[in-house]
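This report concerns only the one structure given below.
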Amino acid sequence: MNLFDDIRALVLEALKDMQAAGALPGGLDMGAVAVEPPRDPAHGDMATNAAMVLARPAGLKPRDIAEALAARLAADPRITSAEVAGPGFLNLRLAPGLWHEVLRAALVQGAAFGRSDMGQGRRVNVEYVSANPTGPLHVGHTRGAVFGDALASLLAFAGYDVTREYYINDGGAQVDVLARSVYLRYLEAHGREVAFAEGTYPGDYLIEVGEALRDKVGDAYLDQPEEVWLGPVRDFATEAMMALIREDLGLLGVHMDHFFSEKSLYGTGLIERAIDALREKGLIYRGVLEPPKGKMPEDWEPREQTLFRSTAHGDDVDRPIMKSDGSWTYFAPDIAYHYDKIERGFDLLIDVFGADHGGYVKRMKAAVSALSDGRVPVDIKLCQLVRLFRNGAPFKMSKRAGTFITLRDVVDEVGPDVTRFVMLTRKNDAALDFDFDKVLEQSRENPVFYVQYANARVNSVLRKAREAGIAADDAALAAADLSILTHEAELTLARKIAEWPRQVEIAARAHEPHRVAFYLYDLASELHALWNRGHDEPGLRFLQEGDPATSAAKIALARAATVVICAGLAILGVTPVDEMR
RNA sequence: GCACCCAUAGCUCAGCUGGAUAGAGCGUCGCCCUCCGAAGGCGAAGGCCUCAGGUUCGAAUCCUGAUGGGUGCGCCA
């Protein structure tokens, strides 16, 4: 249940009554009428801006509308007070019973509490990671992986039909480089001396791939020209790299629904078909691009190319889709890939890119806009850099110095849960500082710990309750008489819990999973605050010795908080811990 | 030169897509553990939301411009 929606419906009903009674003109757009928690809790439980947004179209004074609305709302048993404030806000106080209903709903619905039908089952494709299959995933990929995965979960929770997808860049020159590098390792596995020239991948992770290749084909490729082995070695190596990447993702708990191969677009007419679709719209032409001003490439010379008129869809310059030698640029298969997504019937596309792909956003949006005639929105989320720290001191990654940090390094050291949570404690378009020591600290400044600790504390209460003979399963707690929860400190926590369904929608609408992480921290804060007050005021402790009825109600409140914490952590892909060690 | 992102307390960052007196953690200062829930708690100080205009009942939020920082800019993906 979403209490804010319920109250908004109540407000809209009252407004409609006012229209029927002639107190408000008809035909008003109610879309801007919002019901929100007031910034200052002293103002009440909820506030609506209805009078202010309707004043102008209705040709009335905000305060007059607010007064009339207040009078009607105050008549409802759910509203205990309705006061006009400031420029025309209407502050509402709700009957305590409503908060109790929210707690009960959380206990009854469990992990489903807060689910929304906002997405209406619309199909959304979330493409993320999509790292080149040339090596293990590093920290930058890790952030994209966590972000995309949490966003996908968030949208699913908000009622979308979500597909998680990975685009394998296995069609370009970089996989030839990979193949040659693996070939060198293959020679090495046969005891040959090799040198890794400029433009090959010297990473150790290819040693075993070379050995595996030797085990598979024996000496068949020794002293053979490239034409013989390049194709098969490329396939073999790409497959090995994708296996490695899947394994890396698995360490983080990331599982894709679909891997889409760039290579599958070549030689199948799919690229040509996508380009033809653009050509039919008059968006493909031969032309010469201007050199970028102020940063002239040294070897620049004017050259006629096949171009996509992306400027017709908001880009700054038209983009080449074909190289001067007649082969496709990387952009062409990407267009075809997105065309494929459109044809698969998705209502919304989301691409998660690294910050270094920022310059790619406009042309991709232009392509999708052109191919779908503007019908399919595409949101491209850029994840900014991750800066690594140890003991507060930054350190640079360097392949040569052996300080290159992979996803596996991070997960091995701090675990998947901490990795995921920390990566989501910053919005995607801000740089993220990741300190290996701080993320493991057990203190209030570490949100991971703080949230987990809240859950652990409640679990400890539940254990003690059971020892004391109190039925503490969710069903029993939901059946408890919650009306004794009237203390302001308790209602404050209940209010925070009631915000969950609303926060889900806000985060899902903005495509911003970090909001969930911040909300969970706030929620944990409220729980800890109540717990701490119990230190000085025994009446606020969850367990009331010799009073099972009161205990059950208070435990129900605490448990409802962790129901939400667990639901939120599930969206972030973090496993709740029941006990701190 | 152009495009995109960022700019909020001393520091690190939130800020519900335009709402009321802008919040949190850290740091600082002041109180609180013989014991009953302290891997802490309570409270205080701390702000020209980078700057200048504009939009309107109302702007940290939207628009324009400026300044400072980051990223990228045809035949790499």
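Following the order of the structure tokens, chains are lettered A, B, ..., residues in each are numbered from 1, and ligands are numbered from 1.
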
Spatial neighbours of A:Glu490, max dist 12 Å, only C-alpha atoms (C1' of nucleotides), sep filter under 3 positions, as JSON, numbers by chain: {"A": [96, 99, 100, 103, 482, 483, 484, 485, 486, 487, 493, 494, 495, 496, 497, 526, 527, 528, 529, 530, 531, 533, 534, 539, 540, 541, 542, 553, 554, 555, 556, 557, 558, 560, 561]}

Compute the chain B side of the contact with chain A at 8 Å, counting only C-alpha atoms (C1' of nucleotides), and hand it back as a PyMOL selection string. chain B and resi 1-6+14+16-17+19-20+25-26+37+39+41+57+71-75+77

Taking the DSSP secondary structure from the backbone, can you list the residues of stretch 148-371 of chain A that are strand (DSSP E or B), as a VMD selection string? chain A and resid 161 to 168 258 to 261 284 to 288 304 to 308 319 to 320 322 328 348 to 354

Residues at most 10 Å from B:A22, counting only C-alpha atoms (C1' of nucleotides), excluding those fewer than 6 positions away in the same chain, as number ranges by chain? A: 39; B: 8, 15, 47, 49, 60

Got time to write the residues from that selection, C-alpha atoms (C1' of nucleotides), as a PDB file, in the first residue's frame?
```pdb
ATOM      1  CA  ARG A  39      10.146  19.000   4.807  1.00  0.00           C
TER       2      ARG A  39
ATOM      3  C1'   U B   8      25.481  22.825  -1.971  1.00  0.00           C
ATOM      4  C1'   G B  15      18.140  17.159  -1.563  1.00  0.00           C
ATOM      5  C1'   G B  47      25.431  28.322   4.266  1.00  0.00           C
ATOM      6  C1'   C B  49      23.447  26.440  -2.705  1.00  0.00           C
ATOM      7  C1'   A B  60      19.754  24.847  -4.935  1.00  0.00           C
TER       8        A B  60
END
```
